[in-house]
Structures are given as C-alpha cells and as structure tokens.
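K.L.:
Dropping a structure here in structure tokens format, bear with me for questions.
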Amino acid sequence: MVGGRSWFAIGFAVGLGATLAWLTVQTVLEVGSLLTLLLLSMFLALALEPVVAWLTRHRVRRSWAVLLVLIVLLAFFAGFLALVVPPVTDEVNALVKAVPGWLKQLHDHNSTLGKFEDRYHVVAKVKQQFSNGGAAGLAGGLLGAGRVVVGAVTSAVVVIVVTVYVMAFLPSLKAFCLRFVAARKRPHARAVTDEILNRVGRYMLGNVVTSVIAGLATFLWCAVTDVPYPAALGVFIALMDLIPIVGTTIGGLVVSLVALSVSLPVALATAGFYVAFRVAEDYLIVPRVMKFAVDVHPLVTVVGVLLGGALLGIVGALVAIPAAVAIGLILDEHVFSRTDAS
C-alpha cells in the first residue's frame, strides 16, 4: 500500500498512462503528413491575410476579397504556364523528332552513337533487362510514379481547400481561440495576435522580395549567356525560391541542364553561378531582408530555417521564421516584461 492505494492500482494506472501515451504518439505519426498539410494551409492563409484585410478595409466583403486573391493567384499561375508550356512543348517535339535519327545513328558504325553502341552494347543490355523482368519493373516504376502524382495532386487540393476555408473564416477562428483567454487579458492577447499576423504577412512579403531578386538574377544571367527562355526560367526560379532549403538548388539544376543546349562550359558556369548565388542568398540576402521585414536577428533566421527543415522538412523551414517571430513576441510580452520589472 502506498498512500492508501494498492500496488496493483498504481501499476494499472502507470500501465494505462503509458499505453495511452504510446497510442497518442502512434496516432500523431500516422497522421503526420496530414498535420503537415494542415500546418502549410494555416501558414498560407496567414501569409495572405494582410492582403485580404487590406481589401476588407476598403469596403470589400471578406468572401469577395478571398475570391479576388484566389483569382489573382490563378492568373499568375496561368501566366507562368503560358511562359513555360510553349518552350517545353517545342523541346519535347524536337526530342520526339530526333529519336528516329538517333536510332539510325546507333546502327551506323561510323557515327558517334554507333561507336558508343559498338563499345558498350547498350541496345543488347536493354533487351536483356526487358527479357529478365525489366518490363515488369518498368511497369511497377510507372505505377509508383503515377501514385506519386496522384498523391501530390490530392495534397495540393487539400491545401487549397483548407487554405480557402481558413482565409474565409479567420476572424471567427481567431475570436474562438481568444475565448480560451481570460476576459480581462483578451484585449492584450488580441493585440499580440494581430501583431503576429502582421509580421507573418511581412515575412511573406520579404520572401517574395528575395524570390524576385532570384528571378531577376536568373533572367540577367540567361540573357547574358544566351541560355534559351530567360523569362520563363526567371519566373520558374522565382517560384522555386519560395521553397526554403531546396528550392533554389533544384531550380539551379534545371537551369544548368537547359544551359547544356548552349554548351558544356556555359552549363558548368551556370551551376557555379547558382552555387555562389545560393551562398549569398542564405547568408546575406535572406537574413538582411528578414531583419528589415520582421525584425528578426540574422542568426535566428539561419538557425531557425535549419532547425525547421530538420524537423519538418520544407514546411518546417517555411514556417520557422514566423514561429520565431511569434515566440519572440510572446517572450517580450509575458516573460521578459516580468523579469525586467522584478
């Protein structure tokens, strides 16, 4: 007996608590991807809130303001597709037309492809792979790729739908959350919440500024080095730059591959340009822009993005700086104010 309770009751309570804790952890792990999508939706809604709030202050109903923001975003996406689809279509058509010529060169022992085939016997190896079950593996790979595409489309739809709902009902959601705060502290909590939302919007504006810088740098580089489609590649890099950690790297790889159509030295120079730009962006441009936009120390910006990316990947890196801003405001209002006054 301990404190009037039997050892059996204590053991049962501890075992039940451990079981519930384990089930909770497993449930969170199972729905982790869904929670990540919801977190991304909340961030996008909060990032677009300053635009919606500005429209509502100019006597536009909130529902119409949300619709107008969505129309502008869709128009921007359509413009991007109008820039990108024609050159991609041309390149695909050129590739399809070039395939018969490549096949003919494979059987020409005097051509470069023919000499390559004579040395490495690529065609024979491909036929052997198909005869040994390679066709089934290829079909499985295509099926897996199809699942990835379907999953990506489903995730995008979930993010868009939840973002629209949060944007439309954000005032009521904010009022509901504030009801958990004592009535006498509610005005102060509302002011802190509004400041957090304001800084999140400014963070998104700073992110857009860095993306515009990356897009302009890409356009100028492609125009100077005669890399094709400079406008489309500039817009592509600007969009990819919105993705922390890997966005600029993936975009730079794509532009470097496009630069191969000019020459190998130009492609290598383009890769070097993006390595240098990535270093400058991570340690010079982004910290200074974020210092101006959300008043966060550059060291906090770098460390926050790295920690967020390590914990939640791209989404974690995306919300790291707004989270640091929110934590900083809460510490200033509720912790440091008390310690400074004591």
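Residues in the structure tokens are numbered from 1 in each chain, the chains being A, B, ... in the order shown, and ligands are numbered from 1 in the order shown.
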Would you give me, as a short mmCIF file (atom, residue, chain, number, x, y, z; two decimals) with N, CA and C atoms, in the first residue's frame, the residues in stretch 131-277 of chain A that DSSP reads as alpha helix (DSSP H)?
P.N.:
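Written file, result_4.cif:
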```
data_model
loop_
_atom_site.label_atom_id
_atom_site.label_comp_id
_atom_site.auth_asym_id
_atom_site.auth_seq_id
_atom_site.Cartn_x
_atom_site.Cartn_y
_atom_site.Cartn_z
N ALA A 135 10.61 -5.38 -67.88
CA ALA A 135 9.34 -4.75 -68.26
C ALA A 135 8.43 -4.62 -67.04
N ALA A 136 8.41 -5.69 -66.22
CA ALA A 136 7.58 -5.63 -65.01
C ALA A 136 8.09 -4.56 -64.05
N GLY A 137 9.43 -4.46 -63.95
CA GLY A 137 9.99 -3.42 -63.10
C GLY A 137 9.67 -2.03 -63.61
N LEU A 138 9.72 -1.87 -64.95
CA LEU A 138 9.37 -0.58 -65.53
C LEU A 138 7.91 -0.24 -65.28
N ALA A 139 7.04 -1.27 -65.43
CA ALA A 139 5.61 -1.04 -65.17
C ALA A 139 5.39 -0.66 -63.71
N GLY A 140 6.11 -1.36 -62.80
CA GLY A 140 6.00 -1.02 -61.39
C GLY A 140 6.49 0.38 -61.11
N GLY A 141 7.57 0.78 -61.78
CA GLY A 141 8.08 2.14 -61.61
C GLY A 141 7.10 3.17 -62.11
N LEU A 142 6.47 2.89 -63.26
CA LEU A 142 5.47 3.82 -63.79
C LEU A 142 4.25 3.91 -62.87
N LEU A 143 3.86 2.73 -62.31
CA LEU A 143 2.74 2.74 -61.37
C LEU A 143 3.08 3.53 -60.12
N GLY A 144 4.31 3.36 -59.62
CA GLY A 144 4.73 4.14 -58.46
C GLY A 144 4.77 5.63 -58.76
N ALA A 145 5.25 5.98 -59.96
CA ALA A 145 5.26 7.39 -60.35
C ALA A 145 3.85 7.94 -60.43
N GLY A 146 2.92 7.10 -60.94
CA GLY A 146 1.52 7.54 -61.00
C GLY A 146 0.95 7.78 -59.63
N ARG A 147 1.30 6.92 -58.68
CA ARG A 147 0.83 7.12 -57.30
C ARG A 147 1.38 8.40 -56.71
N VAL A 148 2.65 8.68 -57.01
CA VAL A 148 3.24 9.93 -56.51
C VAL A 148 2.51 11.14 -57.07
N VAL A 149 2.19 11.09 -58.37
CA VAL A 149 1.47 12.21 -58.99
C VAL A 149 0.09 12.38 -58.38
N VAL A 150 -0.62 11.25 -58.21
CA VAL A 150 -1.96 11.32 -57.61
C VAL A 150 -1.88 11.86 -56.18
N GLY A 151 -0.88 11.39 -55.41
CA GLY A 151 -0.71 11.89 -54.05
C GLY A 151 -0.40 13.37 -54.02
N ALA A 152 0.43 13.82 -54.95
CA ALA A 152 0.77 15.25 -54.99
C ALA A 152 -0.45 16.09 -55.33
N VAL A 153 -1.25 15.62 -56.30
CA VAL A 153 -2.47 16.36 -56.67
C VAL A 153 -3.45 16.39 -55.51
N THR A 154 -3.61 15.25 -54.83
CA THR A 154 -4.52 15.19 -53.67
C THR A 154 -4.06 16.14 -52.57
N SER A 155 -2.76 16.14 -52.29
CA SER A 155 -2.22 17.05 -51.25
C SER A 155 -2.45 18.50 -51.63
N ALA A 156 -2.24 18.82 -52.92
CA ALA A 156 -2.45 20.20 -53.37
C ALA A 156 -3.91 20.61 -53.20
N VAL A 157 -4.82 19.70 -53.53
CA VAL A 157 -6.26 20.02 -53.37
C VAL A 157 -6.60 20.24 -51.91
N VAL A 158 -6.07 19.38 -51.03
CA VAL A 158 -6.33 19.54 -49.58
C VAL A 158 -5.81 20.89 -49.10
N VAL A 159 -4.59 21.24 -49.49
CA VAL A 159 -4.00 22.51 -49.05
C VAL A 159 -4.82 23.69 -49.55
N ILE A 160 -5.24 23.65 -50.81
CA ILE A 160 -6.01 24.77 -51.38
C ILE A 160 -7.35 24.91 -50.68
N VAL A 161 -8.06 23.79 -50.49
CA VAL A 161 -9.39 23.85 -49.87
C VAL A 161 -9.30 24.36 -48.43
N VAL A 162 -8.36 23.80 -47.65
CA VAL A 162 -8.23 24.23 -46.26
C VAL A 162 -7.78 25.69 -46.19
N THR A 163 -6.89 26.10 -47.07
CA THR A 163 -6.44 27.50 -47.08
C THR A 163 -7.60 28.44 -47.34
N VAL A 164 -8.45 28.10 -48.30
CA VAL A 164 -9.61 28.96 -48.62
C VAL A 164 -10.55 29.05 -47.42
N TYR A 165 -10.81 27.92 -46.77
CA TYR A 165 -11.71 27.94 -45.61
C TYR A 165 -11.11 28.77 -44.47
N VAL A 166 -9.82 28.61 -44.22
CA VAL A 166 -9.20 29.39 -43.14
C VAL A 166 -9.22 30.87 -43.47
N MET A 167 -8.91 31.22 -44.73
CA MET A 167 -8.96 32.63 -45.13
C MET A 167 -10.36 33.21 -44.95
N ALA A 168 -11.38 32.45 -45.32
CA ALA A 168 -12.75 32.95 -45.26
C ALA A 168 -13.24 33.12 -43.83
N PHE A 169 -12.84 32.21 -42.93
CA PHE A 169 -13.37 32.21 -41.57
C PHE A 169 -12.31 32.55 -40.53
N LEU A 170 -11.22 33.21 -40.93
CA LEU A 170 -10.16 33.52 -39.98
C LEU A 170 -10.63 34.40 -38.82
N PRO A 171 -11.43 35.46 -39.04
CA PRO A 171 -11.88 36.27 -37.90
C PRO A 171 -12.65 35.45 -36.86
N SER A 172 -13.55 34.58 -37.32
CA SER A 172 -14.31 33.77 -36.36
C SER A 172 -13.41 32.75 -35.67
N LEU A 173 -12.44 32.19 -36.39
CA LEU A 173 -11.50 31.27 -35.76
C LEU A 173 -10.65 31.98 -34.71
N LYS A 174 -10.22 33.20 -35.03
CA LYS A 174 -9.43 33.96 -34.07
C LYS A 174 -10.25 34.30 -32.83
N ALA A 175 -11.52 34.69 -33.03
CA ALA A 175 -12.39 35.00 -31.89
C ALA A 175 -12.64 33.77 -31.04
N PHE A 176 -12.78 32.60 -31.67
CA PHE A 176 -12.99 31.36 -30.91
C PHE A 176 -11.76 31.03 -30.07
N CYS A 177 -10.58 31.15 -30.66
CA CYS A 177 -9.35 30.84 -29.91
C CYS A 177 -9.14 31.82 -28.75
N LEU A 178 -9.52 33.08 -28.94
CA LEU A 178 -9.34 34.08 -27.88
C LEU A 178 -10.29 33.85 -26.71
N ARG A 186 -8.01 39.47 -22.60
CA ARG A 186 -8.33 39.23 -24.01
C ARG A 186 -7.91 40.37 -24.93
N PRO A 187 -8.12 41.65 -24.58
CA PRO A 187 -7.66 42.73 -25.48
C PRO A 187 -6.16 42.70 -25.75
N HIS A 188 -5.38 42.43 -24.69
CA HIS A 188 -3.93 42.36 -24.88
C HIS A 188 -3.55 41.15 -25.75
N ALA A 189 -4.21 40.02 -25.52
CA ALA A 189 -3.94 38.83 -26.34
C ALA A 189 -4.33 39.07 -27.80
N ARG A 190 -5.43 39.81 -28.00
CA ARG A 190 -5.84 40.13 -29.38
C ARG A 190 -4.80 41.02 -30.06
N ALA A 191 -4.26 41.98 -29.32
CA ALA A 191 -3.24 42.86 -29.90
C ALA A 191 -1.98 42.09 -30.27
N VAL A 192 -1.56 41.18 -29.39
CA VAL A 192 -0.37 40.36 -29.69
C VAL A 192 -0.64 39.46 -30.90
N THR A 193 -1.84 38.88 -30.97
CA THR A 193 -2.19 38.03 -32.11
C THR A 193 -2.17 38.81 -33.41
N ASP A 194 -2.74 40.02 -33.39
CA ASP A 194 -2.74 40.85 -34.60
C ASP A 194 -1.32 41.21 -35.02
N GLU A 195 -0.44 41.47 -34.05
CA GLU A 195 0.95 41.80 -34.38
C GLU A 195 1.66 40.59 -34.99
N ILE A 196 1.37 39.40 -34.46
CA ILE A 196 1.96 38.18 -35.03
C ILE A 196 1.50 37.99 -36.48
N LEU A 197 0.19 38.16 -36.71
CA LEU A 197 -0.33 38.03 -38.07
C LEU A 197 0.28 39.07 -39.00
N ASN A 198 0.46 40.29 -38.49
CA ASN A 198 1.06 41.35 -39.30
C ASN A 198 2.50 40.99 -39.68
N ARG A 199 3.24 40.46 -38.73
CA ARG A 199 4.64 40.12 -39.03
C ARG A 199 4.74 38.90 -39.95
N VAL A 200 3.79 37.97 -39.84
CA VAL A 200 3.79 36.85 -40.78
C VAL A 200 3.57 37.35 -42.20
N GLY A 201 2.65 38.31 -42.36
CA GLY A 201 2.45 38.90 -43.68
C GLY A 201 3.69 39.61 -44.18
N ARG A 202 4.37 40.34 -43.30
CA ARG A 202 5.61 41.00 -43.70
C ARG A 202 6.70 40.00 -44.05
N TYR A 203 6.72 38.87 -43.33
CA TYR A 203 7.68 37.81 -43.67
C TYR A 203 7.44 37.29 -45.08
N MET A 204 6.15 37.07 -45.41
CA MET A 204 5.83 36.57 -46.75
C MET A 204 6.23 37.60 -47.79
N LEU A 205 6.02 38.89 -47.48
CA LEU A 205 6.45 39.94 -48.41
C LEU A 205 7.96 39.90 -48.60
N GLY A 206 8.71 39.72 -47.49
CA GLY A 206 10.16 39.61 -47.61
C GLY A 206 10.57 38.40 -48.43
N ASN A 207 9.84 37.29 -48.26
CA ASN A 207 10.12 36.09 -49.05
C ASN A 207 9.88 36.34 -50.53
N VAL A 208 8.83 37.09 -50.84
CA VAL A 208 8.56 37.43 -52.24
C VAL A 208 9.67 38.31 -52.80
N VAL A 209 10.18 39.24 -51.98
CA VAL A 209 11.26 40.12 -52.45
C VAL A 209 12.51 39.30 -52.79
N THR A 210 12.89 38.36 -51.93
CA THR A 210 14.05 37.52 -52.23
C THR A 210 13.82 36.67 -53.47
N SER A 211 12.58 36.22 -53.68
CA SER A 211 12.28 35.43 -54.87
C SER A 211 12.38 36.28 -56.13
N VAL A 212 11.92 37.52 -56.05
CA VAL A 212 12.04 38.42 -57.20
C VAL A 212 13.50 38.67 -57.53
N ILE A 213 14.34 38.83 -56.50
CA ILE A 213 15.78 39.02 -56.73
C ILE A 213 16.36 37.81 -57.44
N ALA A 214 15.98 36.60 -56.99
CA ALA A 214 16.48 35.38 -57.63
C ALA A 214 16.01 35.28 -59.07
N GLY A 215 14.75 35.64 -59.32
CA GLY A 215 14.23 35.59 -60.68
C GLY A 215 14.93 36.57 -61.61
N LEU A 216 15.16 37.80 -61.12
CA LEU A 216 15.84 38.80 -61.93
C LEU A 216 17.29 38.38 -62.21
N ALA A 217 17.96 37.83 -61.19
CA ALA A 217 19.34 37.38 -61.38
C ALA A 217 19.40 36.28 -62.44
N THR A 218 18.43 35.37 -62.40
CA THR A 218 18.39 34.29 -63.40
C THR A 218 18.13 34.85 -64.80
N PHE A 219 17.20 35.78 -64.90
CA PHE A 219 16.89 36.38 -66.21
C PHE A 219 18.12 37.06 -66.80
N LEU A 220 18.83 37.85 -65.98
CA LEU A 220 20.01 38.56 -66.47
C LEU A 220 21.11 37.57 -66.86
N TRP A 221 21.32 36.54 -66.05
CA TRP A 221 22.36 35.56 -66.37
C TRP A 221 22.05 34.83 -67.68
N CYS A 222 20.81 34.39 -67.83
CA CYS A 222 20.43 33.69 -69.06
C CYS A 222 20.51 34.61 -70.28
N ALA A 223 20.13 35.88 -70.10
CA ALA A 223 20.21 36.82 -71.23
C ALA A 223 21.66 37.07 -71.63
N VAL A 224 22.56 37.16 -70.67
CA VAL A 224 23.97 37.44 -70.97
C VAL A 224 24.65 36.22 -71.61
N THR A 225 24.32 35.03 -71.12
CA THR A 225 24.98 33.81 -71.60
C THR A 225 24.23 33.13 -72.74
N PRO A 230 14.92 32.89 -71.19
CA PRO A 230 15.31 33.56 -69.94
C PRO A 230 14.12 34.01 -69.10
N ALA A 231 13.04 34.50 -69.74
CA ALA A 231 11.88 34.96 -68.97
C ALA A 231 11.20 33.81 -68.24
N ALA A 232 10.99 32.69 -68.96
CA ALA A 232 10.34 31.54 -68.33
C ALA A 232 11.19 30.98 -67.20
N LEU A 233 12.50 30.90 -67.42
CA LEU A 233 13.39 30.38 -66.37
C LEU A 233 13.46 31.34 -65.18
N GLY A 234 13.38 32.64 -65.43
CA GLY A 234 13.38 33.61 -64.34
C GLY A 234 12.14 33.45 -63.46
N VAL A 235 10.98 33.29 -64.08
CA VAL A 235 9.75 33.09 -63.31
C VAL A 235 9.81 31.75 -62.57
N PHE A 236 10.35 30.73 -63.23
CA PHE A 236 10.47 29.41 -62.60
C PHE A 236 11.35 29.48 -61.35
N ILE A 237 12.49 30.16 -61.45
CA ILE A 237 13.39 30.27 -60.30
C ILE A 237 12.73 31.09 -59.19
N ALA A 238 11.99 32.15 -59.56
CA ALA A 238 11.30 32.95 -58.54
C ALA A 238 10.30 32.11 -57.76
N LEU A 239 9.58 31.22 -58.45
CA LEU A 239 8.63 30.35 -57.76
C LEU A 239 9.35 29.31 -56.91
N MET A 240 10.41 28.73 -57.46
CA MET A 240 11.15 27.72 -56.70
C MET A 240 11.83 28.32 -55.48
N GLY A 247 14.67 24.81 -52.81
CA GLY A 247 14.06 25.46 -53.96
C GLY A 247 15.07 25.98 -54.96
N THR A 248 16.00 26.81 -54.49
CA THR A 248 16.99 27.39 -55.39
C THR A 248 17.91 26.31 -55.96
N THR A 249 18.23 25.29 -55.18
CA THR A 249 19.11 24.22 -55.66
C THR A 249 18.47 23.46 -56.82
N ILE A 250 17.20 23.07 -56.65
CA ILE A 250 16.50 22.36 -57.73
C ILE A 250 16.36 23.26 -58.95
N GLY A 251 15.98 24.52 -58.72
CA GLY A 251 15.85 25.44 -59.84
C GLY A 251 17.16 25.65 -60.58
N GLY A 252 18.26 25.81 -59.82
CA GLY A 252 19.57 25.98 -60.44
C GLY A 252 19.98 24.77 -61.25
N LEU A 253 19.64 23.56 -60.79
CA LEU A 253 19.95 22.34 -61.53
C LEU A 253 19.19 22.31 -62.86
N VAL A 254 17.91 22.72 -62.82
CA VAL A 254 17.11 22.74 -64.05
C VAL A 254 17.70 23.74 -65.05
N VAL A 255 18.03 24.94 -64.58
CA VAL A 255 18.59 25.95 -65.48
C VAL A 255 19.94 25.49 -66.04
N SER A 256 20.73 24.81 -65.22
CA SER A 256 22.02 24.30 -65.70
C SER A 256 21.83 23.25 -66.79
N LEU A 257 20.81 22.40 -66.64
CA LEU A 257 20.52 21.41 -67.67
C LEU A 257 20.06 22.09 -68.96
N VAL A 258 19.26 23.14 -68.83
CA VAL A 258 18.84 23.89 -70.03
C VAL A 258 20.05 24.54 -70.68
N ALA A 259 21.00 25.02 -69.86
CA ALA A 259 22.21 25.65 -70.40
C ALA A 259 23.07 24.68 -71.19
N LEU A 264 28.70 22.93 -72.89
CA LEU A 264 29.07 22.41 -71.58
C LEU A 264 29.72 23.47 -70.70
N PRO A 265 30.64 24.31 -71.21
CA PRO A 265 31.20 25.37 -70.36
C PRO A 265 30.15 26.32 -69.80
N VAL A 266 29.14 26.66 -70.62
CA VAL A 266 28.09 27.55 -70.14
C VAL A 266 27.27 26.86 -69.04
N ALA A 267 27.03 25.55 -69.20
CA ALA A 267 26.29 24.81 -68.17
C ALA A 267 27.07 24.77 -66.86
N LEU A 268 28.37 24.52 -66.94
CA LEU A 268 29.20 24.50 -65.74
C LEU A 268 29.26 25.88 -65.09
N ALA A 269 29.38 26.93 -65.92
CA ALA A 269 29.39 28.29 -65.38
C ALA A 269 28.06 28.62 -64.72
N THR A 270 26.94 28.14 -65.29
CA THR A 270 25.62 28.37 -64.70
C THR A 270 25.50 27.66 -63.35
N ALA A 271 26.01 26.43 -63.27
CA ALA A 271 25.99 25.71 -61.99
C ALA A 271 26.81 26.46 -60.94
N GLY A 272 27.98 26.95 -61.34
CA GLY A 272 28.79 27.73 -60.40
C GLY A 272 28.11 29.02 -59.98
N PHE A 273 27.40 29.65 -60.92
CA PHE A 273 26.65 30.87 -60.59
C PHE A 273 25.61 30.60 -59.52
N TYR A 274 24.90 29.47 -59.62
CA TYR A 274 23.85 29.18 -58.65
C TYR A 274 24.42 28.75 -57.31
N VAL A 275 25.58 28.11 -57.30
CA VAL A 275 26.22 27.81 -56.03
C VAL A 275 26.58 29.11 -55.30
N ALA A 276 27.18 30.05 -56.04
CA ALA A 276 27.55 31.34 -55.43
C ALA A 276 26.30 32.12 -55.01
N PHE A 277 25.26 32.08 -55.85
CA PHE A 277 24.03 32.82 -55.50
C PHE A 277 23.36 32.20 -54.29
#
```
